[in-house]
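One structure is given below, encoded as structure tokens.
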Amino acid sequence: MLPFDSLISAQQLTPEIVANVISVTDAMAQNIEQSGRIDLLDDKVVSLLFFEPSSRTMMSFQSAAQRLKAGMVFAQSAAGTSLEKGESIEDTIRMVEAYSDIIVMRHAMPGSAEIAANTSKVPFINAGDGGNEHPTQALIDVYTIHKHKGRLDNLNVVFGYDSLQSRSIHSLSRLLAQYPNNRFTFTGPKELNPRDEVLTDLRALGVECEIRSEVELGDGFDIAYVNRLQQERFADQALFDKNRRKYRLTRDKVEGSNCLILDPLPRIDEIDTDVDSLPNALYFKQASYGVPLRMALLAMLLGKA
Ligand code: CP
């Protein structure tokens with residue numbers, strides 16, 4: 001069980017909740033290995049509303065619902081739905097809640113998740129609201145770190161390269177800030193550093209935060225959490241074009257370091273493909289944990305775990 005009906009923000013998550021989610025995720029992974037599919041949600045219908053593009057989040061929620069034997073209602077984009085005719089998010093949710101027992105939604109507008117959750121009479125999961133938050137990704141990220149590092153505290157983490165516009169970085173940094181003795185460095189183009197109020201919030205939680213234009217992974221980092229520059233969120237395309245290939249992890253930078261490389265993906269320019277075969281390149285494994293993790297969340301929010 002979770003102490004809330006809807007997951008909108010990583011700020012709702014505490015270390016105790018995360019420990020529970022990790023343990024249910026482990027059980028779901030074991031279920032997948034032993035049985036492939038289980039009957040846990042065979043009396044439920046899950047709505048998946050993806051009004052902004054997605055591969056991993058959409059397909060891993062689909063797979064999670066299938067493995068739990070839930071039925072599904074599905075919108076793969078706003079095209080073809082009445083959002084195109086101008087229907088509001090609120091009215092869309094009022095309809096979809098009548099068709100299903102839980103709603104998962106991705107939408108390009110920051111704050112859309114809160115609007116939807118406040119409207120919905122059934123549990124709601126934020127699958128990404130614009131550049132704001134991506135709490136289920138943050139749970140996958142901490143699951144990965146816990147599994148491969150054995151702890152969520154005392155971590156020296158470098159985030160790059162678009163900390164300003166990345167919902168994944170926003171959610172993960174907020175979540176890791178709740179654990180003691182974590183230190184964050186943000187790197188990338190200076191225009192894409194976190195907003196001052198984000199840094200102030202993280203520092204208020206006791207996190208030492210630094211901004212550096214360049215870093216070496218050998219400088220004691222435990223985790224490098226990198227992602228693409230968020231092209232679709234740039235007001236100034238010239239800024240994107242100027243920086244898109246400037247910030248990049250190459251094999252010579254990663255090889256030999258103990259730093260784990262995470263990326264919420266999709267990978268565009270931020271990691272060379274010849275990094276993929278290194279033992280500390282965890283991003284595809286990280287994405288694979290999305291299925292048991294999202295099975296755990298669906299079951300927990302529906303009171304079945
Ligand atoms: N990590 C992530 O959200 O990927 P998608 O955009 O493909 O869902």
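By order in the structure tokens, chains are A, B, ...; within a chain, residues start at 1; ligands start at 1, following the order shown.
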Enumerate the residues of segment 151-185 of chain A with a DSSP assignment of helix (DSSP H, G or I), computed from the backbone, and present them as a VMD selection string. chain A and resid 167 to 176
Which residues are close to Pro180 of chain A, i.e. within 7 Å by only C-alpha atoms, leaving aside same-chain residues fewer than 2 positions away? Reply as an MDAnalysis selection string. chainID A and resid 153:154 178 182
Do a neighbour search on Gln11 of chain A at 9 Å with only C-alpha atoms, toss out local chain neighbours closer than 3 positions, and write the hits as a ChimeraX atom specification. /A:8,14,135,171,174-175
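Nearest residue to ligand 1 among A:Arg294, A:Lys121, A:His134, A:Arg67 is A:His134, counting only C-alpha atoms and all ligand atoms.
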Select the residues contacting ligand 1 at a distance of at most 8 Å, based on only C-alpha atoms and all ligand atoms, then format the selection as a ChimeraX atom specification. /A:53-59,127-128,134,137,168,263-266,287
Write out, as a tab-separated table (two decimals), in the first residue's frame, the residues just selected, with all heavy atoms.
chain	number	residue	atom	x	y	z
A	53	PRO	N	5.25	12.08	-26.90
A	53	PRO	CA	5.92	10.84	-27.32
A	53	PRO	C	6.62	10.09	-26.18
A	53	PRO	O	7.13	10.70	-25.24
A	53	PRO	CB	6.95	11.33	-28.33
A	53	PRO	CG	6.41	12.60	-28.85
A	53	PRO	CD	5.68	13.23	-27.69
A	54	SER	N	6.63	8.78	-26.30
A	54	SER	CA	7.28	7.93	-25.30
A	54	SER	C	7.54	6.56	-25.92
A	54	SER	O	6.71	6.06	-26.67
A	54	SER	CB	6.38	7.76	-24.07
A	54	SER	OG	6.89	6.77	-23.21
A	55	SER	N	8.67	5.96	-25.60
A	55	SER	CA	8.88	4.53	-25.91
A	55	SER	C	8.88	3.75	-24.60
A	55	SER	O	7.99	2.94	-24.34
A	55	SER	CB	10.20	4.32	-26.65
A	55	SER	OG	10.13	4.94	-27.90
A	56	ARG	N	9.90	4.01	-23.76
A	56	ARG	CA	10.08	3.22	-22.54
A	56	ARG	C	8.91	3.29	-21.57
A	56	ARG	O	8.40	2.27	-21.11
A	56	ARG	CB	11.33	3.69	-21.76
A	56	ARG	CG	12.62	3.13	-22.21
A	56	ARG	CD	13.72	4.16	-22.10
A	56	ARG	NE	13.46	5.21	-23.04
A	56	ARG	CZ	13.82	5.15	-24.34
A	56	ARG	NH1	14.52	4.14	-24.74
A	56	ARG	NH2	13.50	6.10	-25.18
A	57	THR	N	8.48	4.50	-21.24
A	57	THR	CA	7.45	4.64	-20.21
A	57	THR	C	6.15	3.99	-20.69
A	57	THR	O	5.51	3.22	-19.97
A	57	THR	CB	7.24	6.13	-19.86
A	57	THR	OG1	8.51	6.73	-19.68
A	57	THR	CG2	6.40	6.30	-18.62
A	58	MET	N	5.78	4.31	-21.93
A	58	MET	CA	4.54	3.76	-22.48
A	58	MET	C	4.60	2.24	-22.58
A	58	MET	O	3.71	1.53	-22.08
A	58	MET	CB	4.32	4.37	-23.88
A	58	MET	CG	3.08	3.88	-24.57
A	58	MET	SD	2.94	4.61	-26.20
A	58	MET	CE	4.22	3.76	-27.10
A	59	MET	N	5.67	1.72	-23.16
A	59	MET	CA	5.71	0.27	-23.39
A	59	MET	C	5.94	-0.52	-22.12
A	59	MET	O	5.43	-1.63	-21.97
A	59	MET	CB	6.76	-0.05	-24.45
A	59	MET	CG	6.31	0.43	-25.82
A	59	MET	SD	7.33	-0.20	-27.13
A	59	MET	CE	8.46	1.14	-27.36
A	127	ALA	N	3.19	10.17	-15.70
A	127	ALA	CA	4.21	9.52	-16.53
A	127	ALA	C	5.08	10.56	-17.23
A	127	ALA	O	5.73	10.27	-18.23
A	127	ALA	CB	3.53	8.62	-17.56
A	128	GLY	N	5.10	11.79	-16.67
A	128	GLY	CA	5.90	12.89	-17.23
A	128	GLY	C	5.00	14.04	-17.60
A	128	GLY	O	4.12	13.89	-18.46
A	134	HIS	N	9.02	13.50	-13.39
A	134	HIS	CA	8.87	12.15	-13.93
A	134	HIS	C	9.13	11.18	-12.77
A	134	HIS	O	10.17	10.51	-12.73
A	134	HIS	CB	9.88	11.96	-15.07
A	134	HIS	CG	9.61	10.81	-15.98
A	134	HIS	ND1	8.64	9.86	-15.75
A	134	HIS	CD2	10.22	10.43	-17.15
A	134	HIS	CE1	8.65	8.97	-16.72
A	134	HIS	NE2	9.60	9.30	-17.58
A	137	GLN	N	10.14	7.48	-13.26
A	137	GLN	CA	11.52	7.34	-13.73
A	137	GLN	C	12.48	7.46	-12.54
A	137	GLN	O	13.44	6.69	-12.44
A	137	GLN	CB	11.83	8.43	-14.77
A	137	GLN	CG	13.25	8.37	-15.32
A	137	GLN	CD	13.53	7.11	-16.12
A	137	GLN	OE1	12.77	6.75	-17.00
A	137	GLN	NE2	14.62	6.41	-15.81
A	168	SER	N	13.41	14.22	-15.61
A	168	SER	CA	14.04	13.07	-14.92
A	168	SER	C	15.05	13.56	-13.89
A	168	SER	O	15.11	13.05	-12.77
A	168	SER	CB	14.73	12.16	-15.93
A	168	SER	OG	13.80	11.67	-16.86
A	263	ASP	N	21.21	6.81	-17.63
A	263	ASP	CA	20.59	7.74	-18.58
A	263	ASP	C	19.13	7.31	-18.69
A	263	ASP	O	18.86	6.14	-18.97
A	263	ASP	CB	21.31	7.62	-19.94
A	263	ASP	CG	20.82	8.63	-20.99
A	263	ASP	OD1	19.67	9.09	-20.90
A	263	ASP	OD2	21.60	8.93	-21.92
A	264	PRO	N	18.19	8.23	-18.50
A	264	PRO	CA	16.79	7.81	-18.62
A	264	PRO	C	16.43	7.43	-20.06
A	264	PRO	O	15.41	6.80	-20.29
A	264	PRO	CB	16.01	9.05	-18.15
A	264	PRO	CG	16.93	10.20	-18.35
A	264	PRO	CD	18.32	9.66	-18.14
A	265	LEU	N	17.29	7.86	-21.03
A	265	LEU	CA	17.08	7.58	-22.45
A	265	LEU	C	15.80	8.30	-22.94
A	265	LEU	O	14.96	8.63	-22.11
A	265	LEU	CB	17.01	6.08	-22.72
A	265	LEU	CG	18.22	5.25	-22.23
A	265	LEU	CD1	17.95	3.77	-22.45
A	265	LEU	CD2	19.50	5.67	-22.95
A	266	PRO	N	15.59	8.54	-24.21
A	266	PRO	CA	16.41	8.07	-25.32
A	266	PRO	C	17.79	8.74	-25.38
A	266	PRO	O	17.91	9.91	-25.06
A	266	PRO	CB	15.58	8.47	-26.55
A	266	PRO	CG	14.77	9.64	-26.09
A	266	PRO	CD	14.46	9.37	-24.67
A	287	ALA	N	16.57	0.77	-17.91
A	287	ALA	CA	15.27	0.83	-18.61
A	287	ALA	C	14.50	-0.48	-18.43
A	287	ALA	O	13.27	-0.47	-18.33
A	287	ALA	CB	15.49	1.11	-20.09
Just want the 7 Å neighbourhood of Leu192 of chain A, counted on only C-alpha atoms, with same-chain residues fewer than 2 positions away dropped. Output as a PyMOL selection string. chain A and resi 162-164+188-190+194
Using N, CA and C atoms, can you write the selected residues to a file as a PDB file, in the first residue's frame?
ATOM      1  N   ASP A 162      21.336  18.660 -19.347  1.00  0.00           N
ATOM      2  CA  ASP A 162      20.255  19.642 -19.454  1.00  0.00           C
ATOM      3  C   ASP A 162      19.443  19.604 -18.160  1.00  0.00           C
ATOM      4  N   SER A 163      20.088  20.046 -17.079  1.00  0.00           N
ATOM      5  CA  SER A 163      19.435  19.968 -15.759  1.00  0.00           C
ATOM      6  C   SER A 163      18.277  20.947 -15.649  1.00  0.00           C
ATOM      7  N   LEU A 164      18.253  21.951 -16.541  1.00  0.00           N
ATOM      8  CA  LEU A 164      17.181  22.946 -16.498  1.00  0.00           C
ATOM      9  C   LEU A 164      15.843  22.351 -16.932  1.00  0.00           C
ATOM     10  N   GLY A 188      27.285  20.899 -17.749  1.00  0.00           N
ATOM     11  CA  GLY A 188      26.636  21.103 -19.052  1.00  0.00           C
ATOM     12  C   GLY A 188      26.714  22.566 -19.424  1.00  0.00           C
ATOM     13  N   PRO A 189      26.029  22.963 -20.511  1.00  0.00           N
ATOM     14  CA  PRO A 189      26.039  24.378 -20.896  1.00  0.00           C
ATOM     15  C   PRO A 189      25.511  25.255 -19.759  1.00  0.00           C
ATOM     16  N   LYS A 190      26.134  26.409 -19.569  1.00  0.00           N
ATOM     17  CA  LYS A 190      25.743  27.247 -18.411  1.00  0.00           C
ATOM     18  C   LYS A 190      24.271  27.670 -18.482  1.00  0.00           C
ATOM     19  N   PRO A 194      20.566  24.116 -13.395  1.00  0.00           N
ATOM     20  CA  PRO A 194      19.290  24.179 -12.682  1.00  0.00           C
ATOM     21  C   PRO A 194      18.959  25.609 -12.280  1.00  0.00           C
TER      22      PRO A 194
END
Could you name the residues that touch segment 291-293 of chain A at 7 Å or less, counting only C-alpha atoms, but leaving out those on the same chain fewer than 4 positions away, as a list in words? Thr25, Met28, Ala29, Ser60, Phe61, Ser63, Ala64, Ile140 and Leu297 of chain A
Would you output that residue set with all heavy atoms, as an mmCIF file, in the first residue's frame?
data_model
loop_
_atom_site.group_PDB
_atom_site.id
_atom_site.type_symbol
_atom_site.label_atom_id
_atom_site.label_comp_id
_atom_site.auth_asym_id
_atom_site.auth_seq_id
_atom_site.Cartn_x
_atom_site.Cartn_y
_atom_site.Cartn_z
ATOM 1 N N THR A 25 9.040 -4.367 -6.030
ATOM 2 C CA THR A 25 9.625 -4.509 -7.380
ATOM 3 C C THR A 25 10.453 -5.792 -7.476
ATOM 4 O O THR A 25 10.374 -6.529 -8.466
ATOM 5 C CB THR A 25 10.498 -3.279 -7.727
ATOM 6 O OG1 THR A 25 9.688 -2.115 -7.639
ATOM 7 C CG2 THR A 25 11.082 -3.379 -9.132
ATOM 8 N N MET A 28 8.099 -8.561 -7.897
ATOM 9 C CA MET A 28 7.530 -8.587 -9.252
ATOM 10 C C MET A 28 8.553 -9.164 -10.242
ATOM 11 O O MET A 28 8.192 -9.928 -11.141
ATOM 12 C CB MET A 28 7.108 -7.179 -9.686
ATOM 13 C CG MET A 28 5.926 -6.621 -8.919
ATOM 14 S SD MET A 28 4.435 -7.614 -9.148
ATOM 15 C CE MET A 28 3.293 -6.725 -8.070
ATOM 16 N N ALA A 29 9.826 -8.790 -10.076
ATOM 17 C CA ALA A 29 10.867 -9.318 -10.974
ATOM 18 C C ALA A 29 10.952 -10.839 -10.833
ATOM 19 O O ALA A 29 11.102 -11.566 -11.826
ATOM 20 C CB ALA A 29 12.208 -8.661 -10.651
ATOM 21 N N SER A 60 6.691 0.059 -21.167
ATOM 22 C CA SER A 60 6.889 -0.697 -19.918
ATOM 23 C C SER A 60 5.619 -0.683 -19.075
ATOM 24 O O SER A 60 5.316 -1.670 -18.394
ATOM 25 C CB SER A 60 8.097 -0.167 -19.132
ATOM 26 O OG SER A 60 7.900 1.168 -18.777
ATOM 27 N N PHE A 61 4.828 0.402 -19.125
ATOM 28 C CA PHE A 61 3.519 0.369 -18.442
ATOM 29 C C PHE A 61 2.595 -0.641 -19.128
ATOM 30 O O PHE A 61 1.859 -1.366 -18.456
ATOM 31 C CB PHE A 61 2.870 1.762 -18.428
ATOM 32 C CG PHE A 61 3.103 2.523 -17.153
ATOM 33 C CD1 PHE A 61 3.806 3.721 -17.161
ATOM 34 C CD2 PHE A 61 2.618 2.053 -15.924
ATOM 35 C CE1 PHE A 61 4.033 4.433 -15.976
ATOM 36 C CE2 PHE A 61 2.835 2.762 -14.745
ATOM 37 C CZ PHE A 61 3.547 3.948 -14.773
ATOM 38 N N SER A 63 3.540 -3.336 -20.794
ATOM 39 C CA SER A 63 4.034 -4.661 -20.425
ATOM 40 C C SER A 63 3.663 -4.990 -18.975
ATOM 41 O O SER A 63 3.233 -6.114 -18.676
ATOM 42 C CB SER A 63 5.554 -4.692 -20.618
ATOM 43 O OG SER A 63 6.071 -5.896 -20.155
ATOM 44 N N ALA A 64 3.806 -3.988 -18.083
ATOM 45 C CA ALA A 64 3.474 -4.212 -16.664
ATOM 46 C C ALA A 64 1.999 -4.592 -16.519
ATOM 47 O O ALA A 64 1.647 -5.545 -15.814
ATOM 48 C CB ALA A 64 3.788 -2.958 -15.858
ATOM 49 N N ILE A 140 12.643 4.202 -10.832
ATOM 50 C CA ILE A 140 13.493 3.251 -11.582
ATOM 51 C C ILE A 140 14.966 3.566 -11.322
ATOM 52 O O ILE A 140 15.787 2.672 -11.127
ATOM 53 C CB ILE A 140 13.191 3.350 -13.099
ATOM 54 C CG1 ILE A 140 11.790 2.833 -13.382
ATOM 55 C CG2 ILE A 140 14.223 2.583 -13.917
ATOM 56 C CD1 ILE A 140 11.286 3.170 -14.780
ATOM 57 N N LEU A 297 4.093 -0.444 -8.822
ATOM 58 C CA LEU A 297 3.311 0.780 -8.592
ATOM 59 C C LEU A 297 1.826 0.578 -8.888
ATOM 60 O O LEU A 297 0.972 1.017 -8.118
ATOM 61 C CB LEU A 297 3.835 1.907 -9.479
ATOM 62 C CG LEU A 297 5.060 2.647 -8.987
ATOM 63 C CD1 LEU A 297 5.451 3.706 -10.000
ATOM 64 C CD2 LEU A 297 4.799 3.280 -7.619
#
Proximity to Leu176 of chain A - best of A:Gly303, A:Pro3, A:Pro15, A:Pro123, only C-alpha atoms: A:Pro15
So which residues touch Cys209 of chain A within 12 Å, counting only C-alpha atoms, skipping near sequence neighbours fewer than 2 positions away, as JSON, numbers by chain? {"A": [156, 157, 158, 159, 173, 177, 181, 182, 183, 184, 185, 186, 187, 193, 194, 196, 198, 199, 200, 201, 202, 203, 204, 205, 206, 207, 211, 212]}
